[in-house]
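Just model03.cif here, mmCIF, C-alpha atoms and all ligand atoms:
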data_target
loop_
_atom_site.group_PDB
_atom_site.id
_atom_site.type_symbol
_atom_site.label_atom_id
_atom_site.label_comp_id
_atom_site.auth_asym_id
_atom_site.auth_seq_id
_atom_site.Cartn_x
_atom_site.Cartn_y
_atom_site.Cartn_z
ATOM 1 C CA MET A 1 8.908 6.232 4.401
ATOM 2 C CA LYS A 2 6.102 4.727 2.364
ATOM 3 C CA LYS A 3 6.144 0.956 2.651
ATOM 4 C CA ILE A 4 7.080 -1.684 0.067
ATOM 5 C CA LEU A 5 4.688 -4.583 -0.573
ATOM 6 C CA VAL A 6 5.995 -7.874 -1.996
ATOM 7 C CA THR A 7 3.313 -10.266 -3.256
ATOM 8 C CA GLY A 8 4.325 -13.893 -3.825
ATOM 9 C CA ALA A 9 6.789 -13.349 -0.987
ATOM 10 C CA VAL A 10 7.004 -17.054 -0.155
ATOM 11 C CA GLY A 11 7.901 -17.968 -3.742
ATOM 12 C CA GLN A 12 11.211 -18.504 -5.506
ATOM 13 C CA ILE A 13 12.041 -14.832 -6.143
ATOM 14 C CA GLY A 14 9.902 -13.331 -3.381
ATOM 15 C CA SER A 15 11.525 -15.081 -0.448
ATOM 16 C CA GLU A 16 14.989 -13.755 -1.314
ATOM 17 C CA LEU A 17 13.833 -10.375 -2.587
ATOM 18 C CA THR A 18 11.877 -9.677 0.610
ATOM 19 C CA MET A 19 14.873 -10.373 2.838
ATOM 20 C CA THR A 20 17.182 -8.249 0.656
ATOM 21 C CA LEU A 21 14.690 -5.366 0.667
ATOM 22 C CA ARG A 22 14.307 -5.625 4.453
ATOM 23 C CA LYS A 23 18.074 -5.391 4.915
ATOM 24 C CA ARG A 24 18.251 -2.422 2.584
ATOM 25 C CA TYR A 25 15.240 -0.349 3.633
ATOM 26 C CA GLY A 26 14.516 -1.614 7.171
ATOM 27 C CA ALA A 27 12.483 -4.707 8.024
ATOM 28 C CA GLU A 28 9.440 -2.746 9.207
ATOM 29 C CA ASN A 29 9.207 -1.031 5.800
ATOM 30 C CA VAL A 30 8.782 -4.210 3.742
ATOM 31 C CA VAL A 31 5.452 -6.041 3.929
ATOM 32 C CA ALA A 32 5.598 -9.646 2.727
ATOM 33 C CA ALA A 33 2.373 -11.149 1.377
ATOM 34 C CA GLY A 34 1.736 -14.795 0.627
ATOM 35 C CA ARG A 35 -1.281 -16.862 -0.278
ATOM 36 C CA LYS A 36 -1.234 -20.095 1.634
ATOM 37 C CA THR A 37 2.272 -21.582 1.602
ATOM 38 C CA LYS A 38 3.710 -21.353 5.097
ATOM 39 C CA PRO A 39 6.405 -18.679 5.218
ATOM 40 C CA SER A 40 9.800 -19.539 6.671
ATOM 41 C CA ALA A 41 10.271 -18.391 10.272
ATOM 42 C CA GLU A 42 12.826 -15.847 9.006
ATOM 43 C CA LEU A 43 10.333 -14.303 6.576
ATOM 44 C CA ARG A 44 7.433 -14.332 9.051
ATOM 45 C CA ASP A 45 9.336 -13.010 12.062
ATOM 46 C CA SER A 46 11.670 -10.451 10.522
ATOM 47 C CA GLY A 47 8.948 -8.001 9.415
ATOM 48 C CA PRO A 48 5.238 -7.630 8.628
ATOM 49 C CA PHE A 49 3.565 -10.614 6.929
ATOM 50 C CA GLU A 50 0.025 -10.801 5.508
ATOM 51 C CA PHE A 51 -1.933 -13.591 3.840
ATOM 52 C CA ILE A 52 -3.774 -12.260 0.766
ATOM 53 C CA GLU A 53 -5.323 -13.517 -2.448
ATOM 54 C CA VAL A 54 -3.878 -11.232 -5.143
ATOM 55 C CA THR A 55 -7.101 -11.369 -7.155
ATOM 56 C CA ASP A 56 -9.100 -10.058 -4.178
ATOM 57 C CA TYR A 57 -9.167 -6.281 -4.678
ATOM 58 C CA ASP A 58 -10.609 -5.528 -1.238
ATOM 59 C CA ALA A 59 -8.049 -7.664 0.574
ATOM 60 C CA VAL A 60 -5.091 -6.111 -1.256
ATOM 61 C CA ASN A 61 -6.632 -2.640 -0.869
ATOM 62 C CA ALA A 62 -6.829 -3.156 2.910
ATOM 63 C CA VAL A 63 -3.131 -4.080 3.079
ATOM 64 C CA VAL A 64 -2.059 -1.152 0.852
ATOM 65 C CA LYS A 65 -4.055 1.223 3.096
ATOM 66 C CA LYS A 66 -3.002 -0.331 6.397
ATOM 67 C CA TYR A 67 0.722 0.006 5.651
ATOM 68 C CA ASP A 68 0.657 3.126 3.445
ATOM 69 C CA VAL A 69 2.289 1.241 0.565
ATOM 70 C CA GLY A 70 4.202 3.267 -2.045
ATOM 71 C CA THR A 71 5.910 0.501 -4.054
ATOM 72 C CA ILE A 72 4.631 -2.942 -5.061
ATOM 73 C CA TYR A 73 6.770 -5.841 -6.283
ATOM 74 C CA HIS A 74 4.043 -8.081 -7.686
ATOM 75 C CA LEU A 75 5.658 -11.511 -7.840
ATOM 76 C CA ALA A 76 2.671 -13.807 -7.323
ATOM 77 C CA ALA A 77 2.303 -15.824 -10.544
ATOM 78 C CA ILE A 78 1.569 -19.221 -12.040
ATOM 79 C CA LEU A 79 4.569 -20.585 -14.016
ATOM 80 C CA SER A 80 4.580 -22.106 -17.496
ATOM 81 C CA ALA A 81 4.112 -25.846 -16.906
ATOM 82 C CA VAL A 82 1.333 -25.336 -14.350
ATOM 83 C CA GLY A 83 -0.203 -22.722 -16.679
ATOM 84 C CA GLU A 84 -0.546 -25.322 -19.459
ATOM 85 C CA ALA A 85 -2.294 -27.720 -17.071
ATOM 86 C CA LYS A 86 -4.504 -25.010 -15.514
ATOM 87 C CA PRO A 87 -5.032 -22.223 -18.099
ATOM 88 C CA GLN A 88 -7.946 -20.576 -16.312
ATOM 89 C CA LEU A 89 -6.026 -20.379 -13.077
ATOM 90 C CA ALA A 90 -3.053 -18.920 -14.984
ATOM 91 C CA TRP A 91 -5.274 -16.175 -16.449
ATOM 92 C CA LYS A 92 -6.873 -15.448 -13.088
ATOM 93 C CA VAL A 93 -3.638 -15.109 -11.137
ATOM 94 C CA ASN A 94 -1.392 -13.675 -13.857
ATOM 95 C CA VAL A 95 -3.810 -11.213 -15.485
ATOM 96 C CA ASP A 96 -6.613 -10.525 -12.989
ATOM 97 C CA GLY A 97 -3.974 -10.255 -10.247
ATOM 98 C CA VAL A 98 -1.969 -7.729 -12.287
ATOM 99 C CA MET A 99 -5.160 -5.720 -12.898
ATOM 100 C CA VAL A 100 -5.764 -5.495 -9.143
ATOM 101 C CA MET A 101 -2.201 -4.178 -8.633
ATOM 102 C CA LEU A 102 -2.507 -1.703 -11.518
ATOM 103 C CA GLU A 103 -5.809 -0.322 -10.257
ATOM 104 C CA LEU A 104 -4.469 0.070 -6.715
ATOM 105 C CA SER A 105 -1.266 1.649 -8.035
ATOM 106 C CA ARG A 106 -3.384 4.136 -9.961
ATOM 107 C CA GLU A 107 -5.477 4.922 -6.907
ATOM 108 C CA TYR A 108 -2.619 5.251 -4.395
ATOM 109 C CA GLY A 109 0.160 6.459 -6.724
ATOM 110 C CA CYS A 110 2.324 3.367 -6.173
ATOM 111 C CA ALA A 111 5.305 2.367 -8.306
ATOM 112 C CA LEU A 112 4.663 -1.160 -9.578
ATOM 113 C CA MET A 113 7.077 -3.875 -10.684
ATOM 114 C CA VAL A 114 5.522 -6.753 -12.666
ATOM 115 C CA PRO A 115 7.845 -9.529 -13.848
ATOM 116 C CA SER A 116 7.429 -10.873 -17.352
ATOM 117 C CA SER A 117 9.422 -13.739 -18.837
ATOM 118 C CA ILE A 118 11.150 -15.262 -21.862
ATOM 119 C CA GLY A 119 7.740 -16.965 -22.047
ATOM 120 C CA ALA A 120 6.310 -13.737 -23.480
ATOM 121 C CA PHE A 121 7.924 -14.743 -26.804
ATOM 122 C CA GLY A 122 6.856 -17.468 -29.206
ATOM 123 C CA PRO A 123 7.936 -19.470 -32.243
ATOM 124 C CA SER A 124 7.611 -16.520 -34.642
ATOM 125 C CA THR A 125 9.954 -14.349 -32.517
ATOM 126 C CA PRO A 126 13.596 -14.148 -33.712
ATOM 127 C CA LYS A 127 15.263 -16.934 -31.698
ATOM 128 C CA ASP A 128 18.833 -15.684 -31.347
ATOM 129 C CA GLY A 129 19.594 -12.288 -29.875
ATOM 130 C CA THR A 130 15.841 -11.724 -29.458
ATOM 131 C CA PRO A 131 15.387 -7.940 -29.633
ATOM 132 C CA GLN A 132 13.747 -5.853 -26.913
ATOM 133 C CA ASP A 133 10.923 -4.810 -29.242
ATOM 134 C CA THR A 134 9.835 -7.648 -31.488
ATOM 135 C CA ILE A 135 7.066 -10.122 -32.364
ATOM 136 C CA GLN A 136 5.294 -11.492 -29.256
ATOM 137 C CA ARG A 137 2.954 -14.316 -30.242
ATOM 138 C CA PRO A 138 3.495 -16.915 -27.487
ATOM 139 C CA THR A 139 1.890 -20.342 -27.835
ATOM 140 C CA SER A 140 1.741 -21.187 -24.115
ATOM 141 C CA MET A 141 -1.021 -19.924 -21.811
ATOM 142 C CA TYR A 142 1.682 -18.605 -19.508
ATOM 143 C CA GLY A 143 3.060 -16.554 -22.392
ATOM 144 C CA VAL A 144 -0.390 -15.235 -23.268
ATOM 145 C CA THR A 145 -0.795 -13.987 -19.697
ATOM 146 C CA LYS A 146 2.696 -12.461 -19.634
ATOM 147 C CA VAL A 147 2.181 -10.505 -22.875
ATOM 148 C CA SER A 148 -1.196 -9.339 -21.541
ATOM 149 C CA GLY A 149 0.482 -8.147 -18.335
ATOM 150 C CA GLU A 150 3.140 -6.268 -20.332
ATOM 151 C CA ILE A 151 0.552 -4.511 -22.494
ATOM 152 C CA LEU A 152 -1.553 -3.619 -19.456
ATOM 153 C CA CYS A 153 1.517 -2.060 -17.816
ATOM 154 C CA ASP A 154 2.131 0.030 -20.940
ATOM 155 C CA TYR A 155 -1.530 1.051 -20.972
ATOM 156 C CA TYR A 156 -1.638 2.148 -17.333
ATOM 157 C CA TYR A 157 1.612 4.078 -17.759
ATOM 158 C CA THR A 158 0.441 5.890 -20.893
ATOM 159 C CA LYS A 159 -3.161 6.448 -19.891
ATOM 160 C CA TYR A 160 -2.863 7.086 -16.146
ATOM 161 C CA GLY A 161 0.839 7.789 -15.546
ATOM 162 C CA VAL A 162 1.256 4.743 -13.262
ATOM 163 C CA ASP A 163 4.994 4.136 -12.667
ATOM 164 C CA THR A 164 5.062 0.605 -14.112
ATOM 165 C CA ARG A 165 8.324 -1.298 -14.559
ATOM 166 C CA GLY A 166 9.023 -4.895 -15.588
ATOM 167 C CA LEU A 167 11.642 -7.518 -16.384
ATOM 168 C CA ARG A 168 11.507 -10.407 -18.829
ATOM 169 C CA TYR A 169 13.194 -12.912 -16.559
ATOM 170 C CA PRO A 170 14.837 -16.012 -18.016
ATOM 171 C CA GLY A 171 15.037 -19.286 -16.053
ATOM 172 C CA LEU A 172 16.028 -18.461 -12.467
ATOM 173 C CA ILE A 173 18.341 -20.639 -10.390
ATOM 174 C CA SER A 174 18.578 -20.476 -6.613
ATOM 175 C CA HIS A 175 19.659 -22.637 -3.673
ATOM 176 C CA VAL A 176 17.119 -21.013 -1.319
ATOM 177 C CA ALA A 177 13.539 -21.617 -2.551
ATOM 178 C CA LEU A 178 12.455 -24.048 -5.259
ATOM 179 C CA PRO A 179 10.668 -22.858 -8.410
ATOM 180 C CA GLY A 180 7.019 -23.885 -8.627
ATOM 181 C CA GLY A 181 6.231 -25.612 -11.909
ATOM 182 C CA GLY A 182 8.236 -23.944 -14.666
ATOM 183 C CA THR A 183 9.920 -25.194 -17.833
ATOM 184 C CA THR A 184 13.365 -24.065 -16.708
ATOM 185 C CA ASP A 185 13.123 -25.890 -13.333
ATOM 186 C CA TYR A 186 15.512 -28.579 -14.598
ATOM 187 C CA ALA A 187 18.387 -26.128 -14.136
ATOM 188 C CA VAL A 188 17.667 -26.082 -10.389
ATOM 189 C CA ASP A 189 16.784 -29.786 -9.973
ATOM 190 C CA ILE A 190 20.061 -30.853 -11.572
ATOM 191 C CA TYR A 191 22.137 -29.409 -8.714
ATOM 192 C CA TYR A 192 20.043 -31.100 -6.003
ATOM 193 C CA LYS A 193 20.223 -34.456 -7.814
ATOM 194 C CA ALA A 194 23.935 -34.107 -8.522
ATOM 195 C CA LEU A 195 24.546 -33.940 -4.778
ATOM 196 C CA GLU A 196 21.873 -36.424 -3.682
ATOM 197 C CA ASP A 197 22.218 -39.149 -6.374
ATOM 198 C CA LYS A 198 25.152 -38.175 -8.610
ATOM 199 C CA LYS A 199 22.742 -38.527 -11.538
ATOM 200 C CA TYR A 200 19.833 -36.601 -13.040
ATOM 201 C CA GLU A 201 17.113 -37.495 -15.558
ATOM 202 C CA CYS A 202 16.333 -34.335 -17.514
ATOM 203 C CA PHE A 203 12.860 -33.636 -18.963
ATOM 204 C CA LEU A 204 14.276 -31.506 -21.824
ATOM 205 C CA SER A 205 16.502 -32.651 -24.685
ATOM 206 C CA GLU A 206 20.251 -32.157 -24.344
ATOM 207 C CA ASP A 207 20.456 -29.316 -26.871
ATOM 208 C CA THR A 208 17.542 -27.138 -25.653
ATOM 209 C CA ARG A 209 19.075 -23.692 -25.262
ATOM 210 C CA MET A 210 17.476 -21.018 -23.060
ATOM 211 C CA ASP A 211 18.499 -17.881 -21.204
ATOM 212 C CA MET A 212 19.161 -18.268 -17.482
ATOM 213 C CA MET A 213 20.133 -16.195 -14.439
ATOM 214 C CA TYR A 214 21.406 -16.826 -10.909
ATOM 215 C CA MET A 215 19.131 -15.434 -8.190
ATOM 216 C CA PRO A 216 21.525 -12.770 -6.794
ATOM 217 C CA ASP A 217 21.504 -11.139 -10.239
ATOM 218 C CA ALA A 218 17.697 -11.474 -10.485
ATOM 219 C CA ILE A 219 17.286 -9.693 -7.131
ATOM 220 C CA ASP A 220 19.712 -6.925 -8.125
ATOM 221 C CA ALA A 221 17.830 -6.504 -11.407
ATOM 222 C CA ALA A 222 14.500 -5.974 -9.652
ATOM 223 C CA ILE A 223 15.876 -3.472 -7.118
ATOM 224 C CA ASP A 224 18.067 -1.595 -9.625
ATOM 225 C CA LEU A 225 15.145 -1.255 -12.017
ATOM 226 C CA MET A 226 12.855 0.103 -9.301
ATOM 227 C CA GLU A 227 15.552 2.554 -8.184
ATOM 228 C CA ALA A 228 16.311 3.710 -11.732
ATOM 229 C CA ASP A 229 15.718 7.327 -12.701
ATOM 230 C CA PRO A 230 12.283 7.237 -14.397
ATOM 231 C CA SER A 231 13.355 9.804 -16.973
ATOM 232 C CA ASN A 232 15.849 7.250 -18.387
ATOM 233 C CA LEU A 233 13.237 4.529 -18.922
ATOM 234 C CA GLU A 234 11.868 4.258 -22.442
ATOM 235 C CA HIS A 235 10.254 0.849 -21.832
ATOM 236 C CA ARG A 236 7.398 0.489 -19.346
ATOM 237 C CA ASN A 237 6.245 -3.038 -20.223
ATOM 238 C CA ALA A 238 9.295 -5.214 -19.419
ATOM 239 C CA PHE A 239 13.033 -5.308 -20.167
ATOM 240 C CA ASN A 240 14.878 -8.280 -21.640
ATOM 241 C CA VAL A 241 17.420 -9.347 -19.000
ATOM 242 C CA THR A 242 19.758 -12.310 -19.202
ATOM 243 C CA ALA A 243 23.002 -13.432 -17.612
ATOM 244 C CA MET A 244 23.862 -16.596 -19.545
ATOM 245 C CA ASN A 245 22.349 -19.166 -21.876
ATOM 246 C CA PHE A 246 23.046 -22.889 -21.910
ATOM 247 C CA THR A 247 21.668 -26.324 -22.771
ATOM 248 C CA PRO A 248 21.117 -29.273 -20.393
ATOM 249 C CA LYS A 249 24.262 -30.851 -21.841
ATOM 250 C CA GLU A 250 26.316 -27.744 -21.061
ATOM 251 C CA ILE A 251 25.068 -27.336 -17.484
ATOM 252 C CA ALA A 252 25.753 -31.065 -16.929
ATOM 253 C CA GLN A 253 29.341 -30.528 -18.154
ATOM 254 C CA SER A 254 29.773 -27.679 -15.707
ATOM 255 C CA VAL A 255 28.479 -29.868 -12.835
ATOM 256 C CA LYS A 256 30.840 -32.649 -13.925
ATOM 257 C CA LYS A 257 33.827 -30.317 -13.542
ATOM 258 C CA VAL A 258 33.013 -30.173 -9.812
ATOM 259 C CA ILE A 259 31.502 -33.677 -9.358
ATOM 260 C CA PRO A 260 33.325 -35.820 -11.967
ATOM 261 C CA ASP A 261 31.143 -38.949 -11.535
ATOM 262 C CA PHE A 262 27.875 -37.040 -12.159
ATOM 263 C CA GLU A 263 25.800 -38.424 -15.064
ATOM 264 C CA ILE A 264 22.829 -36.932 -16.926
ATOM 265 C CA SER A 265 20.192 -38.887 -18.881
ATOM 266 C CA TYR A 266 17.142 -37.669 -20.786
ATOM 267 C CA LYS A 267 13.431 -38.537 -20.656
ATOM 268 C CA ILE A 268 11.613 -35.844 -22.576
ATOM 269 C CA ASP A 269 8.358 -34.384 -21.327
ATOM 270 C CA PRO A 270 6.566 -33.310 -24.544
ATOM 271 C CA VAL A 271 4.640 -30.465 -22.860
ATOM 272 C CA ARG A 272 7.659 -28.747 -21.341
ATOM 273 C CA GLN A 273 9.812 -29.519 -24.401
ATOM 274 C CA GLY A 274 7.172 -27.859 -26.598
ATOM 275 C CA ILE A 275 7.156 -24.771 -24.386
ATOM 276 C CA ALA A 276 10.967 -24.577 -24.311
ATOM 277 C CA ASP A 277 11.204 -24.964 -28.097
ATOM 278 C CA SER A 278 8.891 -21.974 -28.547
ATOM 279 C CA TRP A 279 11.110 -19.695 -26.417
ATOM 280 C CA PRO A 280 14.252 -17.773 -27.448
ATOM 281 C CA ASN A 281 17.739 -19.296 -27.394
ATOM 282 C CA SER A 282 19.150 -15.981 -26.223
ATOM 283 C CA MET A 283 17.801 -12.474 -25.670
ATOM 284 C CA ASP A 284 19.418 -9.131 -26.454
ATOM 285 C CA ASP A 285 19.348 -7.173 -23.183
ATOM 286 C CA SER A 286 21.102 -4.034 -24.420
ATOM 287 C CA ALA A 287 18.067 -1.813 -23.684
ATOM 288 C CA ALA A 288 18.269 -2.770 -19.974
ATOM 289 C CA ARG A 289 22.025 -2.138 -19.973
ATOM 290 C CA LYS A 290 21.553 1.278 -21.568
ATOM 291 C CA GLU A 291 18.440 2.526 -19.770
ATOM 292 C CA TRP A 292 19.219 1.474 -16.173
ATOM 293 C CA GLY A 293 22.677 -0.078 -16.101
ATOM 294 C CA TRP A 294 21.882 -3.814 -16.042
ATOM 295 C CA ASP A 295 25.145 -5.720 -15.460
ATOM 296 C CA PRO A 296 24.922 -9.331 -14.212
ATOM 297 C CA LYS A 297 27.713 -10.834 -12.110
ATOM 298 C CA PHE A 298 27.253 -14.602 -12.526
ATOM 299 C CA GLY A 299 27.994 -16.842 -15.527
ATOM 300 C CA LEU A 300 27.527 -20.628 -15.677
ATOM 301 C CA GLU A 301 30.784 -21.797 -14.040
ATOM 302 C CA LYS A 302 30.659 -19.268 -11.186
ATOM 303 C CA MET A 303 26.988 -20.117 -10.561
ATOM 304 C CA THR A 304 27.666 -23.884 -10.531
ATOM 305 C CA GLU A 305 30.425 -23.491 -7.946
ATOM 306 C CA ASP A 306 28.258 -21.281 -5.740
ATOM 307 C CA MET A 307 25.141 -23.476 -6.071
ATOM 308 C CA LEU A 308 26.991 -26.667 -5.181
ATOM 309 C CA LYS A 309 28.812 -25.036 -2.269
ATOM 310 C CA ASN A 310 25.588 -23.656 -0.774
ATOM 311 C CA LEU A 311 23.454 -26.739 -1.460
ATOM 312 C CA SER A 312 26.086 -29.005 0.006
ATOM 313 C CA LYS A 313 25.782 -27.021 3.281
ATOM 314 C CA LYS A 314 21.974 -26.973 3.110
ATOM 315 C CA LEU A 315 21.619 -30.715 2.370
ATOM 316 C CA ASN A 316 24.625 -31.667 4.489
ATOM 317 C CA ILE A 317 26.163 -33.663 1.612
ATOM 318 C CA ASN A 318 29.861 -33.368 0.785
ATOM 319 C CA TYR A 319 31.231 -33.696 -2.727
HETATM 320 C C1 LIG B 401 9.161 -20.936 -16.281
HETATM 321 O O1 LIG B 401 9.930 -21.819 -16.684
HETATM 322 O O2 LIG B 401 7.932 -20.983 -16.387
HETATM 323 C C2 LIG B 401 9.764 -19.693 -15.673
HETATM 324 C C3 LIG B 401 10.013 -18.652 -16.707
HETATM 325 C C4 LIG B 401 11.144 -18.776 -17.639
HETATM 326 O O3 LIG B 401 9.292 -17.709 -16.781
HETATM 327 N N1 LIG B 401 10.978 -20.030 -15.003
#
What is this file in structure tokens?
Amino acid sequence: MKKILVTGAVGQIGSELTMTLRKRYGAENVVAAGRKTKPSAELRDSGPFEFIEVTDYDAVNAVVKKYDVGTIYHLAAILSAVGEAKPQLAWKVNVDGVMVMLELSREYGCALMVPSSIGAFGPSTPKDGTPQDTIQRPTSMYGVTKVSGEILCDYYYTKYGVDTRGLRYPGLISHVALPGGGTTDYAVDIYYKALEDKKYECFLSEDTRMDMMYMPDAIDAAIDLMEADPSNLEHRNAFNVTAMNFTPKEIAQSVKKVIPDFEISYKIDPVRQGIADSWPNSMDDSAARKEWGWDPKFGLEKMTEDMLKNLSKKLNINY
């Protein structure tokens, strides 16, 4: 079989996606690629691993050739908070990197998955039940790069027939790898702090509502989308996908049901609050449900129970 390449394989989504793909398609068929973060022993030893810079066409080309790659999950990206601090880096990684993947996919006939985000929307987008096809005028640099990536995917599909597919991920929550500098990171931090300190100081206000998803659903979404019958896909830029939406106050209440003496306090970070306020409260993901059967399994309470159970084992802290 042609091989699968996962870029950003050491990151929050990549580390779990790579292992799931290896179990499903055979470890030798899934090439993990990272930049400089040391991979876990499991990731490094269970199948092929390569260090590459995703903006380096020649380096990625060599890996695609060496392994006869037929599918690329391009997960390497700069997240929203880091993107505001380093806009040029965000453009380089998030847009130039996508261009490298699109060009190679055109040349080698690869299917390409590029994640987008709720960050691809902005303050002029309808905030509740945000439609699949709507105004996209983001005010964060991250959002600018994500919209650019979506439009480039549409362009390469229409112009060159590249099999592009994408997901507008909401905030992702996992007990395996930490997110790297996003606006929704609070929804991961809160579980660690609940176990470690029984308290958490949140950088967003208590009523900031955003879409969220537990990692097992995010992994299923990526694989199900890439396995979907192409003739059913009307959207080639990125699909709205969500599993739940909540505020910091609501996630804190769900933690408190399991750890009754947990307390949350608030110290607002104006940069991340500004980004969060420009994003939707909730997206309409009916196009994903209709076109490829999107159907998430985890809501807030089920996720909280699972997160705390798994983190308590990982951190060796009982509750
Ligand atoms: C971020 O907060 O930057 C990401 C995202 C929603 O795309 N988690």
Would you write out, as a compact mmCIF listing (two decimals) with C-alpha atoms, in the frame of the given file, every residue that the PyMOL selection byres (((chain A and resi 312) around 12) and not hetatm) captures in this file?
# COMPACT_ATOMS: atom_id res chain seq x y z
CA HIS A 175 19.66 -22.64 -3.67
CA TYR A 191 22.14 -29.41 -8.71
CA TYR A 192 20.04 -31.10 -6.00
CA LYS A 193 20.22 -34.46 -7.81
CA ALA A 194 23.94 -34.11 -8.52
CA LEU A 195 24.55 -33.94 -4.78
CA GLU A 196 21.87 -36.42 -3.68
CA ILE A 259 31.50 -33.68 -9.36
CA THR A 304 27.67 -23.88 -10.53
CA GLU A 305 30.42 -23.49 -7.95
CA ASP A 306 28.26 -21.28 -5.74
CA MET A 307 25.14 -23.48 -6.07
CA LEU A 308 26.99 -26.67 -5.18
CA LYS A 309 28.81 -25.04 -2.27
CA ASN A 310 25.59 -23.66 -0.77
CA LEU A 311 23.45 -26.74 -1.46
CA LYS A 313 25.78 -27.02 3.28
CA LYS A 314 21.97 -26.97 3.11
CA LEU A 315 21.62 -30.72 2.37
CA ASN A 316 24.62 -31.67 4.49
CA ILE A 317 26.16 -33.66 1.61
CA ASN A 318 29.86 -33.37 0.78
CA TYR A 319 31.23 -33.70 -2.73
Matched chain/residue IDs from the PyMOL selection byres (((chain A and resi 303) around 12) and not hetatm), as a PyMOL selection string:
chain A and resi 172-175+187-188+191+212-217+243-244+251+254-255+258+296-302+304-311
Go through the chains and note each residue within 7 Å of ligand LIG 401 (chain B), using only C-alpha atoms and all ligand atoms, then give the set as an MDAnalysis selection string.
chainID A and resid 79:81 117:119 169:172 181:185
How many Å separate CA of Pro230 in chain A from CA of Ser105 in chain A?
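Result for CA of Pro230 in chain A versus CA of Ser105 in chain A: 16.0 Å, one decimal.
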How many Å lie between CA of Val98 in chain A and CA of Cys153 in chain A, rounded to one decimal?
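Straight-line distance from CA of Val98 in chain A to CA of Cys153 in chain A works out to 8.7 Å.
Going from CA of Met283 in chain A over to CA of Glu263 in chain A, you cover 29.2 Å.
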Pick from A:Asp68, A:Asp220, A:Glu206, A:Asp58 nearest to Asn29 in chain A, counting only C-alpha atoms
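Closest residue, counting only C-alpha atoms: A:Asp68.
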Please determine, counting only C-alpha atoms, which residue among A:Glu234, A:Asp56, A:Asp128, A:Asp189 has the shortest atom-to-atom distance to Trp279 in chain A.
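Using only C-alpha atoms, the shortest distance to Trp279 in chain A belongs to A:Asp128.
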Run the PyMOL selection byres (((chain A and resi 64-67) around 10) and not hetatm) mentally over the shown coordinates, then write out the matched residues as a ChimeraX atom specification, using the chain letters and numbers from the document.
/A:2-5,28-31,48,58-63,68-72,101,104-105,108,110
Hey, what's within 9 Å of Leu152 in chain A if we count all atoms listed in the file and toss same-chain stuff fewer than 3 positions away? As number ranges by chain, please?
A: 95, 98-99, 102, 147-149, 155-157, 237
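With distances taken over all atoms listed in the file, A:Tyr142 is the one residue among A:Tyr266, A:Phe121, A:Tyr186, A:Tyr142 lying closest to Ala77 in chain A.
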Give me the residues within 8 Å of Ser15 in chain A as number ranges by chain, counting all atoms listed in the file and dropping any in the same chain fewer than 4 places off.
A: 9-11, 19, 43, 177
Using all atoms listed in the file, which of A:Asp261, A:Glu150, A:Asp45, A:Asp277 sits nearest Asp207 in chain A?
A:Asp277
Determine, counting only C-alpha atoms, every residue of protein, DNA or RNA that lies within 12 Å of (12.5, -15.5, -37.2) in the file coordinates, then give the result as JSON, numbers by chain.
{"A": [121, 122, 123, 124, 125, 126, 127, 128, 129, 130, 131, 134, 135, 136, 137, 278, 279, 280, 281]}
Dump as an mmCIF file, in the frame of the given file, selection limited to C-alpha atoms:
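Once written, again-v4.cif looks like this:
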data_model
loop_
_atom_site.group_PDB
_atom_site.id
_atom_site.type_symbol
_atom_site.label_atom_id
_atom_site.label_comp_id
_atom_site.auth_asym_id
_atom_site.auth_seq_id
_atom_site.Cartn_x
_atom_site.Cartn_y
_atom_site.Cartn_z
ATOM 1 C CA PHE A 121 7.924 -14.743 -26.804
ATOM 2 C CA GLY A 122 6.856 -17.468 -29.206
ATOM 3 C CA PRO A 123 7.936 -19.470 -32.243
ATOM 4 C CA SER A 124 7.611 -16.520 -34.642
ATOM 5 C CA THR A 125 9.954 -14.349 -32.517
ATOM 6 C CA PRO A 126 13.596 -14.148 -33.712
ATOM 7 C CA LYS A 127 15.263 -16.934 -31.698
ATOM 8 C CA ASP A 128 18.833 -15.684 -31.347
ATOM 9 C CA GLY A 129 19.594 -12.288 -29.875
ATOM 10 C CA THR A 130 15.841 -11.724 -29.458
ATOM 11 C CA PRO A 131 15.387 -7.940 -29.633
ATOM 12 C CA THR A 134 9.835 -7.648 -31.488
ATOM 13 C CA ILE A 135 7.066 -10.122 -32.364
ATOM 14 C CA GLN A 136 5.294 -11.492 -29.256
ATOM 15 C CA ARG A 137 2.954 -14.316 -30.242
ATOM 16 C CA SER A 278 8.891 -21.974 -28.547
ATOM 17 C CA TRP A 279 11.110 -19.695 -26.417
ATOM 18 C CA PRO A 280 14.252 -17.773 -27.448
ATOM 19 C CA ASN A 281 17.739 -19.296 -27.394
#
Determine the nearest neighbour of Thr20 in chain A from the options A:Ile223, A:Ile268, A:Ala238, A:Ala85, counting all atoms listed in the file.
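Going through A:Ile223, A:Ile268, A:Ala238, A:Ala85 one by one, the smallest distance to Thr20 in chain A is for A:Ile223.
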Of the candidates A:Thr208, A:Ser282, A:Gln88, A:Thr164, which shows the shortest atom-to-atom distance to Asn245 in chain A, using all atoms listed in the file?
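Checking each candidate against Asn245 in chain A, we get A:Ser282 as the closest.
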Expected answer as a list in words: all residues with atoms within 12 Å of (13.7, -36.6, -19.6), only C-alpha atoms
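With a cut-off of 12 Å, the residues come to Tyr186, Ile190, Tyr200, Glu201, Cys202, Phe203, Leu204, Ser205, Glu206, Thr208, Pro248, Ile264, Ser265, Tyr266, Lys267, Ile268, Asp269, Pro270, Val271, Arg272 and Gln273 of chain A.
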